[in-house]
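Student: This one is query_15.cif, mmCIF, C-alpha atoms and all ligand atoms.
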```
data_model
loop_
_atom_site.group_PDB
_atom_site.id
_atom_site.type_symbol
_atom_site.label_atom_id
_atom_site.label_comp_id
_atom_site.auth_asym_id
_atom_site.auth_seq_id
_atom_site.Cartn_x
_atom_site.Cartn_y
_atom_site.Cartn_z
ATOM 1 C CA MET R 1 154.668 34.449 105.622
ATOM 2 C CA SER R 2 158.395 34.304 106.315
ATOM 3 C CA SER R 3 160.541 37.160 105.064
ATOM 4 C CA ALA R 4 162.136 34.750 102.567
ATOM 5 C CA ASP R 5 158.760 34.488 100.777
ATOM 6 C CA LYS R 6 157.912 38.155 100.951
ATOM 7 C CA ASN R 7 158.324 40.526 98.048
ATOM 8 C CA LEU R 8 158.821 43.912 99.666
ATOM 9 C CA SER R 9 157.606 45.756 96.584
ATOM 10 C CA VAL R 10 154.211 44.053 96.476
ATOM 11 C CA PHE R 11 151.566 45.583 98.730
ATOM 12 C CA THR R 12 147.891 46.436 98.859
ATOM 13 C CA THR R 13 147.113 49.919 97.602
ATOM 14 C CA ASN R 14 143.393 50.198 98.357
ATOM 15 C CA ASP R 15 142.132 53.419 99.835
ATOM 16 C CA LEU R 16 145.462 55.266 99.901
ATOM 17 C CA PRO R 17 145.395 58.868 101.142
ATOM 18 C CA GLU R 18 146.000 61.937 98.999
ATOM 19 C CA ILE R 19 149.608 62.899 99.801
ATOM 20 C CA GLY R 20 150.217 65.855 97.458
ATOM 21 C CA ASN R 21 150.274 68.161 100.493
ATOM 22 C CA LYS R 22 152.306 65.850 102.755
ATOM 23 C CA LYS R 23 155.991 66.269 103.468
ATOM 24 C CA PHE R 24 158.401 63.373 103.931
ATOM 25 C CA ALA R 25 161.964 63.184 105.251
ATOM 26 C CA LEU R 26 164.198 60.317 104.182
ATOM 27 C CA VAL R 27 167.174 59.677 106.452
ATOM 28 C CA VAL R 28 169.793 57.488 104.809
ATOM 29 C CA ALA R 29 172.803 55.778 106.407
ATOM 30 C CA GLU R 30 176.122 55.941 104.525
ATOM 31 C CA TRP R 31 177.322 52.507 105.675
ATOM 32 C CA ASN R 32 176.740 50.003 102.854
ATOM 33 C CA SER R 33 175.843 52.955 100.645
ATOM 34 C CA GLU R 34 175.594 50.798 97.509
ATOM 35 C CA ILE R 35 172.563 49.217 99.197
ATOM 36 C CA THR R 36 171.157 52.224 101.077
ATOM 37 C CA GLY R 37 171.271 54.196 97.810
ATOM 38 C CA LYS R 38 168.907 51.631 96.331
ATOM 39 C CA LEU R 39 166.646 51.782 99.380
ATOM 40 C CA PHE R 40 166.518 55.554 99.015
ATOM 41 C CA GLN R 41 165.690 55.326 95.307
ATOM 42 C CA GLY R 42 162.946 52.788 95.968
ATOM 43 C CA ALA R 43 161.414 54.907 98.735
ATOM 44 C CA TYR R 44 161.647 58.105 96.689
ATOM 45 C CA ASP R 45 160.124 56.535 93.579
ATOM 46 C CA THR R 46 157.283 54.970 95.582
ATOM 47 C CA LEU R 47 156.422 58.284 97.246
ATOM 48 C CA ILE R 48 156.351 60.010 93.850
ATOM 49 C CA LYS R 49 154.379 57.181 92.239
ATOM 50 C CA TYR R 50 151.630 57.511 94.835
ATOM 51 C CA GLY R 51 151.351 61.290 94.693
ATOM 52 C CA ALA R 52 154.082 63.010 96.714
ATOM 53 C CA LEU R 53 155.674 66.077 95.158
ATOM 54 C CA PRO R 54 159.469 66.177 94.683
ATOM 55 C CA GLU R 55 159.681 69.492 96.554
ATOM 56 C CA ASN R 56 158.004 67.792 99.528
ATOM 57 C CA ILE R 57 160.667 65.096 99.882
ATOM 58 C CA GLU R 58 163.770 65.946 101.859
ATOM 59 C CA LYS R 59 166.876 63.772 102.180
ATOM 60 C CA GLY R 60 169.380 63.721 105.022
ATOM 61 C CA THR R 61 172.371 61.401 105.353
ATOM 62 C CA VAL R 62 173.936 60.039 108.524
ATOM 63 C CA PRO R 63 177.231 58.126 108.903
ATOM 64 C CA GLY R 64 175.740 54.819 110.084
ATOM 65 C CA SER R 65 172.446 53.257 111.071
ATOM 66 C CA PHE R 66 173.079 53.991 114.740
ATOM 67 C CA GLU R 67 172.719 57.696 113.929
ATOM 68 C CA LEU R 68 169.336 57.228 112.215
ATOM 69 C CA THR R 69 167.492 57.720 115.492
ATOM 70 C CA LEU R 70 168.757 61.194 116.333
ATOM 71 C CA ALA R 71 168.515 62.560 112.803
ATOM 72 C CA SER R 72 164.984 61.120 112.550
ATOM 73 C CA HIS R 73 164.152 62.930 115.786
ATOM 74 C CA TRP R 74 165.445 66.220 114.366
ATOM 75 C CA TYR R 75 163.204 65.820 111.323
ATOM 76 C CA ALA R 76 160.231 64.568 113.321
ATOM 77 C CA GLN R 77 160.407 67.645 115.559
ATOM 78 C CA ARG R 78 159.698 69.879 112.569
ATOM 79 C CA ASP R 79 156.024 70.828 112.249
ATOM 80 C CA ASP R 80 156.150 70.772 108.448
ATOM 81 C CA ILE R 81 157.296 67.126 108.242
ATOM 82 C CA ASP R 82 154.458 64.558 108.220
ATOM 83 C CA ALA R 83 156.526 61.353 108.231
ATOM 84 C CA VAL R 84 160.128 60.240 108.474
ATOM 85 C CA ILE R 85 161.614 57.160 106.806
ATOM 86 C CA ALA R 86 164.879 55.857 108.261
ATOM 87 C CA LEU R 87 166.903 53.745 105.820
ATOM 88 C CA GLY R 88 169.928 51.619 106.667
ATOM 89 C CA VAL R 89 171.544 48.219 106.263
ATOM 90 C CA VAL R 90 173.233 46.423 109.138
ATOM 91 C CA ILE R 91 174.912 43.241 107.993
ATOM 92 C CA LYS R 92 175.737 40.484 110.464
ATOM 93 C CA GLY R 93 179.485 40.132 111.046
ATOM 94 C CA GLU R 94 181.903 38.330 113.339
ATOM 95 C CA THR R 95 180.841 40.314 116.390
ATOM 96 C CA LYS R 96 177.485 41.223 117.875
ATOM 97 C CA HIS R 97 177.623 44.803 116.603
ATOM 98 C CA ASP R 98 174.601 44.184 114.412
ATOM 99 C CA GLU R 99 172.440 43.179 117.372
ATOM 100 C CA TYR R 100 173.407 46.254 119.381
ATOM 101 C CA ILE R 101 172.808 48.597 116.455
ATOM 102 C CA ASN R 102 169.554 46.988 115.330
ATOM 103 C CA ASN R 103 168.056 46.862 118.812
ATOM 104 C CA ALA R 104 169.075 50.444 119.543
ATOM 105 C CA VAL R 105 167.662 51.760 116.269
ATOM 106 C CA ALA R 106 164.426 49.780 116.481
ATOM 107 C CA GLN R 107 163.808 51.009 120.029
ATOM 108 C CA GLY R 108 165.083 54.505 119.245
ATOM 109 C CA ILE R 109 162.847 54.952 116.245
ATOM 110 C CA THR R 110 159.843 53.662 118.148
ATOM 111 C CA ASN R 111 160.498 56.255 120.845
ATOM 112 C CA VAL R 112 160.968 59.053 118.318
ATOM 113 C CA SER R 113 157.720 58.121 116.654
ATOM 114 C CA ILE R 114 155.734 58.162 119.893
ATOM 115 C CA GLN R 115 157.395 61.314 121.279
ATOM 116 C CA ASN R 116 156.720 63.291 118.126
ATOM 117 C CA ASN R 117 153.333 61.695 117.434
ATOM 118 C CA LYS R 118 154.085 61.004 113.791
ATOM 119 C CA PRO R 119 155.126 58.035 111.671
ATOM 120 C CA VAL R 120 158.845 57.289 111.778
ATOM 121 C CA ILE R 121 159.381 54.204 109.675
ATOM 122 C CA PHE R 122 161.985 51.492 110.351
ATOM 123 C CA GLY R 123 163.435 50.987 106.885
ATOM 124 C CA VAL R 124 166.471 49.081 108.102
ATOM 125 C CA LEU R 125 167.569 45.813 106.534
ATOM 126 C CA THR R 126 169.104 43.361 109.001
ATOM 127 C CA PRO R 127 170.516 40.648 106.716
ATOM 128 C CA ASN R 128 172.984 37.861 107.445
ATOM 129 C CA SER R 129 174.940 38.578 104.278
ATOM 130 C CA MET R 130 175.455 41.075 101.498
ATOM 131 C CA GLU R 131 173.655 38.631 99.209
ATOM 132 C CA GLN R 132 170.521 38.839 101.364
ATOM 133 C CA ALA R 133 170.815 42.622 101.392
ATOM 134 C CA ILE R 134 171.015 42.808 97.594
ATOM 135 C CA ALA R 135 167.947 40.553 97.305
ATOM 136 C CA ARG R 136 165.967 43.074 99.418
ATOM 137 C CA ALA R 137 167.234 46.256 97.775
ATOM 138 C CA GLY R 138 165.672 45.855 94.351
ATOM 139 C CA GLY R 139 166.547 42.156 93.898
ATOM 140 C CA ALA R 140 164.538 38.943 94.119
ATOM 141 C CA HIS R 141 162.685 40.023 97.274
ATOM 142 C CA GLY R 142 161.802 43.506 96.070
ATOM 143 C CA ASN R 143 162.953 46.695 97.744
ATOM 144 C CA LYS R 144 162.669 47.491 101.451
ATOM 145 C CA GLY R 145 162.648 51.183 100.479
ATOM 146 C CA ASP R 146 159.397 50.678 98.538
ATOM 147 C CA GLU R 147 157.815 48.962 101.523
ATOM 148 C CA ALA R 148 158.993 51.627 103.974
ATOM 149 C CA ALA R 149 157.574 54.410 101.783
ATOM 150 C CA MET R 150 154.229 52.626 101.416
ATOM 151 C CA THR R 151 154.119 52.167 105.185
ATOM 152 C CA ALA R 152 154.724 55.906 105.640
ATOM 153 C CA ILE R 153 151.909 56.736 103.193
ATOM 154 C CA LYS R 154 149.484 54.394 104.936
ATOM 155 C CA MET R 155 150.370 55.673 108.407
ATOM 156 C CA VAL R 156 150.016 59.314 107.358
ATOM 157 C CA GLY R 157 146.544 58.480 106.036
ATOM 158 C CA LEU R 158 145.632 56.497 109.120
ATOM 159 C CA LYS R 159 146.702 59.326 111.402
ATOM 160 C CA ASP R 160 144.394 61.767 109.619
ATOM 161 C CA LYS R 161 141.575 59.240 109.701
ATOM 162 C CA ILE R 162 141.882 58.569 113.423
ATOM 163 C CA LEU R 163 142.866 62.007 114.736
ATOM 164 C CA VAL R 164 141.195 64.505 112.379
ATOM 165 C CA LYS R 165 137.447 64.283 112.746
HETATM 166 N N1 LIG R 201 176.411 50.970 110.401
HETATM 167 C C1 LIG R 201 175.528 50.498 109.490
HETATM 168 O O1 LIG R 201 174.633 51.232 109.060
HETATM 169 N N2 LIG R 201 175.608 49.203 109.041
HETATM 170 C C2 LIG R 201 176.555 48.331 109.484
HETATM 171 O O2 LIG R 201 176.581 47.167 109.014
HETATM 172 C C3 LIG R 201 177.477 48.792 110.441
HETATM 173 N N3 LIG R 201 178.415 47.946 110.917
HETATM 174 C C4 LIG R 201 179.278 48.391 111.854
HETATM 175 C C5 LIG R 201 180.242 47.515 112.365
HETATM 176 C C6 LIG R 201 181.131 47.949 113.336
HETATM 177 C C7 LIG R 201 182.137 46.985 113.861
HETATM 178 C C8 LIG R 201 181.077 49.300 113.788
HETATM 179 C C9 LIG R 201 182.037 49.790 114.826
HETATM 180 C C10 LIG R 201 180.148 50.169 113.287
HETATM 181 C C11 LIG R 201 179.237 49.739 112.304
HETATM 182 N N4 LIG R 201 178.276 50.608 111.788
HETATM 183 C C12 LIG R 201 177.381 50.147 110.868
HETATM 184 C C13 LIG R 201 178.281 52.051 112.121
HETATM 185 C C14 LIG R 201 177.348 52.447 113.259
HETATM 186 O O3 LIG R 201 176.011 52.483 112.807
HETATM 187 C C15 LIG R 201 177.758 53.849 113.779
HETATM 188 O O4 LIG R 201 177.763 54.765 112.702
HETATM 189 C C16 LIG R 201 179.127 53.856 114.410
HETATM 190 O O5 LIG R 201 179.258 52.805 115.338
HETATM 191 C C17 LIG R 201 179.380 55.185 115.115
HETATM 192 O O6 LIG R 201 180.696 55.252 115.511
#
```
Would you give me this structure, written as structure tokens?

Tutor:
Amino acid sequence: MSSADKNLSVFTTNDLPEIGNKKFALVVAEWNSEITGKLFQGAYDTLIKYGALPENIEKGTVPGSFELTLASHWYAQRDDIDAVIALGVVIKGETKHDEYINNAVAQGITNVSIQNNKPVIFGVLTPNSMEQAIARAGGAHGNKGDEAAMTAIKMVGLKDKILVK
């Protein structure tokens, strides 16, 4: 399925883990804050809907998406945090800045995840236009924040299933 056909707020919810005792950190970029605010709200609401407690959800903001990696690392280093969700929007412009930022963050977050042995979710929209961003932040294609939160929930459950015997 191409991303144009995907609704980011529609996912399978079979066999989800109990997350009342899990702690989540949401790292949110300030660039394009009218969109990242919606990603945050979607992620927060999805975590609550599936059993997270408000006191177990922490929010940190960073200036731009490039900074998501380091702040995610700071959260991921904490023993009490079970998963980190990095939220940003990098819109294509006249220069290649979007490619540099997106590649750096995708690679950075992968590294942070492996180094800290916990889920660090890439909740970054990489649209060609503001219109595409709006469509994926609670518009026609759902909300990337919802999808990122569901991914965090599933990965937290999977980690317990695989590692805790
Ligand atoms: N950060 C974002 O999160 N989204 C963007 O679309 C975005 N575009 C940028 C475009 C340019 C030309 C520059 C210089 C920065 C941009 N940033 C963006 C900020 C970037 O992630 C980082 O915060 C800064 O580059 C740090 O100085």

Student: Please, which residues have at least one atom within 12 Å of an atom of ligand LIG 201 (chain R), using only C-alpha atoms and all ligand atoms, listed as JSON, numbers by chain?

Tutor: {"R": [27, 28, 29, 30, 31, 32, 33, 34, 35, 36, 61, 62, 63, 64, 65, 66, 67, 68, 69, 70, 86, 87, 88, 89, 90, 91, 92, 93, 94, 95, 96, 97, 98, 99, 100, 101, 102, 103, 104, 105, 123, 124, 125, 126, 127, 128, 129, 130, 133]}

Student: Within 12 Å of Ala149 in chain R, counting only C-alpha atoms, which residues show up once you throw out same-chain ones fewer than 2 positions away? Write them as a compact mmCIF listing (two decimals) with C-alpha atoms, in the frame of the given file, please.

Tutor:
```
# COMPACT_ATOMS: atom_id res chain seq x y z
CA LEU R 8 158.82 43.91 99.67
CA SER R 9 157.61 45.76 96.58
CA PHE R 11 151.57 45.58 98.73
CA ILE R 19 149.61 62.90 99.80
CA PHE R 24 158.40 63.37 103.93
CA ALA R 25 161.96 63.18 105.25
CA LEU R 26 164.20 60.32 104.18
CA VAL R 27 167.17 59.68 106.45
CA LEU R 39 166.65 51.78 99.38
CA PHE R 40 166.52 55.55 99.02
CA GLN R 41 165.69 55.33 95.31
CA GLY R 42 162.95 52.79 95.97
CA ALA R 43 161.41 54.91 98.74
CA TYR R 44 161.65 58.10 96.69
CA ASP R 45 160.12 56.54 93.58
CA THR R 46 157.28 54.97 95.58
CA LEU R 47 156.42 58.28 97.25
CA ILE R 48 156.35 60.01 93.85
CA LYS R 49 154.38 57.18 92.24
CA TYR R 50 151.63 57.51 94.84
CA GLY R 51 151.35 61.29 94.69
CA ALA R 52 154.08 63.01 96.71
CA ILE R 57 160.67 65.10 99.88
CA ALA R 83 156.53 61.35 108.23
CA VAL R 84 160.13 60.24 108.47
CA ILE R 85 161.61 57.16 106.81
CA ALA R 86 164.88 55.86 108.26
CA LEU R 87 166.90 53.74 105.82
CA PRO R 119 155.13 58.04 111.67
CA VAL R 120 158.84 57.29 111.78
CA ILE R 121 159.38 54.20 109.68
CA PHE R 122 161.99 51.49 110.35
CA GLY R 123 163.44 50.99 106.88
CA ASN R 143 162.95 46.70 97.74
CA LYS R 144 162.67 47.49 101.45
CA GLY R 145 162.65 51.18 100.48
CA ASP R 146 159.40 50.68 98.54
CA GLU R 147 157.82 48.96 101.52
CA THR R 151 154.12 52.17 105.18
CA ALA R 152 154.72 55.91 105.64
CA ILE R 153 151.91 56.74 103.19
CA LYS R 154 149.48 54.39 104.94
CA MET R 155 150.37 55.67 108.41
CA VAL R 156 150.02 59.31 107.36
```

Student: For Leu158 in chain R, which residue out of R:Thr12, R:Lys118, R:Tyr75, R:Gly37 is the nearest one, using all atoms listed in the file?

Tutor: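 Nearest to Leu158 in chain R: R:Lys118.
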
Student: So which one's closest to Ala135 in chain R, R:Arg78, R:Lys23, R:His73, R:Lys38? Using all atoms listed in the file, please.

Tutor: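 Checking each candidate against Ala135 in chain R, we get R:Lys38 as the closest.
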
Student: Counting only C-alpha atoms, which of R:Asn56, R:Asn7, R:Asn116, R:Asn21 gets nearest to Gly138 in chain R?

Tutor: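 For Gly138 in chain R, the nearest of the candidates is R:Asn7.
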
Student: Any idea what the distance is between CA of Ala148 in chain R and CA of Gln77 in chain R?

Tutor: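 Result for CA of Ala148 in chain R versus CA of Gln77 in chain R: 19.8 Å, one decimal.
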